[in-house]
Amino acid sequence: MTDHSRIAGRITFVLFLAQSFASAGFIAAAAINPILGEKLASHRSMATVPVAAYLLSGALSASGWGILMDRIGRRNAITLGLVLGMIGNGLVLLSIENASFAWMIIGLMLMGTTNSATQLSRFAAAEVTPPEHRGRAISMVIFGGVIGTILARLSAAPMGSFVVTLGMDELSGAYLTTLILFALAALLVFAALRPDPRDVGRELAKLYPSSAPAGQLRPVAEILRQPAALTAVVAMMLGQVVMVAVMVITSLHMEDHSHARSDIYSVVSAHTFGMFAPSIISGWLLDKIGRPKMILIGASTLLLSCLAAPLSPNVLPLGIALFLLGVGWNFCYVGGSTLLADQLSPLERSRTQGTNDFLVGLASALISLTSGFLFDATSYTVIAVVAGALSLVPLAMTWRWMGRSAVNSEGVG
């Protein structure tokens, strides 16, 4: 193994471990956020407003994180993001003790900036890896969510029981768990993510130039006019929107059917397992069948999950449907992330990837905000149908791009 391969492997492994801890924190809180939102707001339609604030802050901070990572490095920026998340968790704990809806929103907004920073770590793994193995590097980091799912499932419920013995609200357990996990991730990244992926990536770019000249810095609008780049962004954006639309309401849907908190954690865990477990094979599959076919499979799976979710409110059918929702998101997310990385020069990466995550986060924030009011006015079935319709967009767009690419290849030949 070359020295560079050893460094890249170590960086990717550290990012995988950090993602495991961070995602466990996000998952522990995700099952409770809508329930706590409804409790503090005292109105069903407002239940997803804090979640929307969380997603919106992540979207608005994405471009800033991209610029900051260029200036101070991936290691320092990701560590800073995790520290902000710890502060956010502290504010949510205060909101529970003081019954403050406003403090919850502020706390989740800080956690949203943390999510934005940690999500960009997948691109850090990609930039230190040769193009033919980027899919596997990205999927390795995302696979950290599998460990996160297990950690969240094992720790959140017991912590909820533990804090009750201290005289705290049971819901506090999820956020105390998240605070601890963020602290572990921050310590790991600050201590072990060396050398900085930004610096390694710049050296690697000299050996593996992208499709754009190494010194080129095109406007983001020009990059997104490329069919491949636009397809990648739409796949990630609408894949996220479909996933959020269904997932964020499922906890409330299950509460309406009198499910125990342990059942809600089980279904959310099935969903997050579906989001991250396919990363075992999705990177390998991506490098074998190509980016567009991966996105097609992902969008089709999202559609199937949306059709299945409203069929039964029971735990097993819901768990299967939400698992498929996670799988579809994974394929669109990994496929889109890798396809976008292929189109960018080193100078364009952090800025364009930050802009991409801004668009993804903004779209998911809007659907999260809308879904609460839509659920209050209609039903879980309506939300699933709307989400299923949206999944058709990346499906059709990718199919069209593949057809055009095939025609262009024949013309060249």
# chains A, B, ... in the order shown; residues from 1 in each chain; ligands from 1

$ residues_around --residues "Leu56 in chain A" --least-positions-apart "6" --cutoff "9 Å" --atoms "only C-alpha atoms" --output "VMD selection string"
chain A and resid 109 112 to 113 358 361 to 366

$ write_last_selection --atoms "N, CA and C atoms" --output "mmCIF file, in the first residue's frame"
data_model
loop_
_atom_site.group_PDB
_atom_site.id
_atom_site.type_symbol
_atom_site.label_atom_id
_atom_site.label_comp_id
_atom_site.auth_asym_id
_atom_site.auth_seq_id
_atom_site.Cartn_x
_atom_site.Cartn_y
_atom_site.Cartn_z
ATOM 1 N N MET A 109 -31.780 24.864 15.701
ATOM 2 C CA MET A 109 -31.086 25.597 14.632
ATOM 3 C C MET A 109 -29.579 25.411 14.741
ATOM 4 N N GLY A 112 -28.796 22.091 13.549
ATOM 5 C CA GLY A 112 -28.867 22.047 12.092
ATOM 6 C C GLY A 112 -27.559 22.449 11.444
ATOM 7 N N THR A 113 -26.887 23.454 12.041
ATOM 8 C CA THR A 113 -25.574 23.839 11.493
ATOM 9 C C THR A 113 -24.566 22.708 11.688
ATOM 10 N N PHE A 358 -26.825 23.462 0.587
ATOM 11 C CA PHE A 358 -27.775 24.540 0.860
ATOM 12 C C PHE A 358 -29.104 24.268 0.156
ATOM 13 N N GLY A 361 -30.839 21.243 1.796
ATOM 14 C CA GLY A 361 -31.392 21.590 3.099
ATOM 15 C C GLY A 361 -32.567 22.529 3.015
ATOM 16 N N LEU A 362 -32.506 23.512 2.103
ATOM 17 C CA LEU A 362 -33.603 24.460 1.946
ATOM 18 C C LEU A 362 -34.874 23.741 1.494
ATOM 19 N N ALA A 363 -34.730 22.850 0.528
ATOM 20 C CA ALA A 363 -35.894 22.109 0.033
ATOM 21 C C ALA A 363 -36.498 21.217 1.113
ATOM 22 N N SER A 364 -35.640 20.546 1.885
ATOM 23 C CA SER A 364 -36.154 19.668 2.930
ATOM 24 C C SER A 364 -36.768 20.467 4.082
ATOM 25 N N ALA A 365 -36.247 21.673 4.354
ATOM 26 C CA ALA A 365 -36.839 22.523 5.385
ATOM 27 C C ALA A 365 -38.243 22.955 4.982
ATOM 28 N N LEU A 366 -38.393 23.318 3.724
ATOM 29 C CA LEU A 366 -39.710 23.750 3.243
ATOM 30 C C LEU A 366 -40.716 22.613 3.302
#

$ residues_around --residues "Ala229 in chain A" --least-positions-apart "2" --cutoff "9 Å" --atoms "only C-alpha atoms" --output "ChimeraX atom specification"
/A:223-227,231-234,336,339-344

$ closest_atom_pairs --of "range 109-151 of chain A" --to "range 57-66 of chain A" --cutoff "12 Å" --atoms "only C-alpha atoms" --output "JSON lines"
{"residue": "A:Met109", "atom": "CA", "partner": "A:Ser57", "partner_atom": "CA", "distance": 5.3}
{"residue": "A:Leu110", "atom": "CA", "partner": "A:Ser57", "partner_atom": "CA", "distance": 7.3}
{"residue": "A:Met111", "atom": "CA", "partner": "A:Gly58", "partner_atom": "CA", "distance": 8.0}
{"residue": "A:Gly112", "atom": "CA", "partner": "A:Gly58", "partner_atom": "CA", "distance": 4.4}
{"residue": "A:Thr113", "atom": "CA", "partner": "A:Gly58", "partner_atom": "CA", "distance": 4.5}
{"residue": "A:Thr114", "atom": "CA", "partner": "A:Gly58", "partner_atom": "CA", "distance": 7.3}
{"residue": "A:Asn115", "atom": "CA", "partner": "A:Gly58", "partner_atom": "CA", "distance": 6.4}
{"residue": "A:Ser116", "atom": "CA", "partner": "A:Gly58", "partner_atom": "CA", "distance": 4.9}
{"residue": "A:Ala117", "atom": "CA", "partner": "A:Trp65", "partner_atom": "CA", "distance": 6.2}
{"residue": "A:Thr118", "atom": "CA", "partner": "A:Trp65", "partner_atom": "CA", "distance": 9.7}
{"residue": "A:Gln119", "atom": "CA", "partner": "A:Ala62", "partner_atom": "CA", "distance": 9.2}
{"residue": "A:Leu120", "atom": "CA", "partner": "A:Gly66", "partner_atom": "CA", "distance": 7.8}
{"residue": "A:Ser121", "atom": "CA", "partner": "A:Gly66", "partner_atom": "CA", "distance": 10.5}
{"residue": "A:Phe123", "atom": "CA", "partner": "A:Gly66", "partner_atom": "CA", "distance": 10.3}
{"residue": "A:Ala124", "atom": "CA", "partner": "A:Gly66", "partner_atom": "CA", "distance": 10.7}

$ closest_residue --among "A:Gln353, A:Ala102, A:His133, A:Tyr54" --to "Leu369 in chain A" --atoms "only C-alpha atoms"
A:Tyr54

$ closest_atom_pairs --of "range 151-261 of chain A" --to "range 376-385 of chain A" --cutoff "9 Å" --atoms "only C-alpha atoms" --output "tab-separated table"
residue	atom	partner	partner_atom	distance
A:Val242	CA	A:Ala384	CA	8.5
A:Ala245	CA	A:Ile383	CA	6.9
A:Val246	CA	A:Ala384	CA	6.1
A:Ile249	CA	A:Tyr380	CA	7.4
A:Thr250	CA	A:Tyr380	CA	7.9
A:His253	CA	A:Tyr380	CA	6.8

$ write_last_selection --atoms "N, CA and C atoms" --output "compact mmCIF listing (two decimals), in the first residue's frame"
# COMPACT_ATOMS: atom_id res chain seq x y z
N VAL A 242 -38.27 13.83 -0.36
CA VAL A 242 -39.19 12.70 -0.23
C VAL A 242 -38.97 12.00 1.11
N ALA A 245 -40.24 14.30 4.05
CA ALA A 245 -41.69 14.47 4.06
C ALA A 245 -42.39 13.33 4.77
N VAL A 246 -41.96 12.11 4.53
CA VAL A 246 -42.60 10.94 5.13
C VAL A 246 -42.06 10.68 6.53
N ILE A 249 -43.15 12.93 9.74
CA ILE A 249 -44.53 12.82 10.21
C ILE A 249 -44.82 11.45 10.82
N THR A 250 -43.97 10.48 10.55
CA THR A 250 -44.26 9.11 10.99
C THR A 250 -44.36 9.00 12.51
N HIS A 253 -47.77 10.18 13.37
CA HIS A 253 -48.71 9.18 12.84
C HIS A 253 -48.80 7.99 13.79

$ atom_distance --atom1 "CA of Met140 in chain A" --atom2 "CA of Glu127 in chain A"
13.5 Å

$ closest_residue --among "A:Leu55, A:Ile180, A:Leu204, A:Ile280" --to "Leu359 in chain A" --atoms "only C-alpha atoms"
A:Leu55

$ closest_atom_pairs --of "range 46-159 of chain A" --to "range 262-277 of chain A" --cutoff "8 Å" --atoms "only C-alpha atoms" --output "Markdown table"
| residue | atom | partner | partner_atom | distance |
| --- | --- | --- | --- | --- |
| A:Ile142 | CA | A:Phe276 | CA | 6.0 |
| A:Phe143 | CA | A:Phe276 | CA | 4.9 |
| A:Gly144 | CA | A:Phe276 | CA | 7.1 |
| A:Gly145 | CA | A:Phe276 | CA | 5.1 |
| A:Val146 | CA | A:Phe276 | CA | 5.2 |
| A:Thr149 | CA | A:Ser269 | CA | 5.8 |
| A:Ile150 | CA | A:Ser269 | CA | 7.8 |
| A:Arg153 | CA | A:Ser269 | CA | 6.7 |
| A:Ala157 | CA | A:Ser262 | CA | 7.3 |

$ atom_distance --atom1 "CA of Gly328 in chain A" --atom2 "CA of Arg291 in chain A"
14.0 Å

$ atom_distance --atom1 "CA of Met168 in chain A" --atom2 "CA of Leu93 in chain A"
9.5 Å

$ select_by_dssp --residues "range 173-224 of chain A" --states "alpha helix (DSSP H)" --output "VMD selection string"
chain A and resid 173 to 192 197 to 205 220 to 224

$ write_last_selection --atoms "C-alpha atoms" --output "compact mmCIF listing (two decimals), in the first residue's frame"
# COMPACT_ATOMS: atom_id res chain seq x y z
CA GLY A 173 -32.91 11.63 27.56
CA ALA A 174 -32.66 11.85 23.77
CA TYR A 175 -30.96 15.26 23.85
CA LEU A 176 -28.59 14.40 26.69
CA THR A 177 -27.57 11.34 24.67
CA THR A 178 -26.98 13.53 21.63
CA LEU A 179 -24.87 16.01 23.57
CA ILE A 180 -22.56 13.23 24.80
CA LEU A 181 -22.23 11.70 21.33
CA PHE A 182 -21.42 15.07 19.73
CA ALA A 183 -18.69 15.60 22.34
CA LEU A 184 -17.13 12.23 21.50
CA ALA A 185 -17.21 13.01 17.77
CA ALA A 186 -15.64 16.45 18.31
CA LEU A 187 -12.77 15.02 20.34
CA LEU A 188 -12.14 12.33 17.74
CA VAL A 189 -12.08 14.70 14.76
CA PHE A 190 -9.88 17.28 16.47
CA ALA A 191 -7.37 14.70 17.69
CA ALA A 192 -7.23 12.23 14.81
CA PRO A 197 -8.26 16.23 4.04
CA ARG A 198 -8.20 19.62 2.30
CA ASP A 199 -4.42 19.49 1.97
CA VAL A 200 -4.33 15.82 0.95
CA GLY A 201 -7.02 16.45 -1.66
CA ARG A 202 -5.05 19.27 -3.26
CA GLU A 203 -2.02 17.02 -3.64
CA LEU A 204 -4.11 14.19 -5.08
CA ALA A 205 -5.73 16.52 -7.60
CA VAL A 220 -21.94 27.70 -9.58
CA ALA A 221 -24.69 28.63 -12.04
CA GLU A 222 -22.45 27.59 -14.94
CA ILE A 223 -21.64 24.27 -13.26
CA LEU A 224 -25.33 23.54 -12.70

$ closest_residue --among "A:Leu40, A:Leu318, A:Ala260, A:Leu304" --to "Gly388 in chain A" --atoms "only C-alpha atoms"
A:Leu304
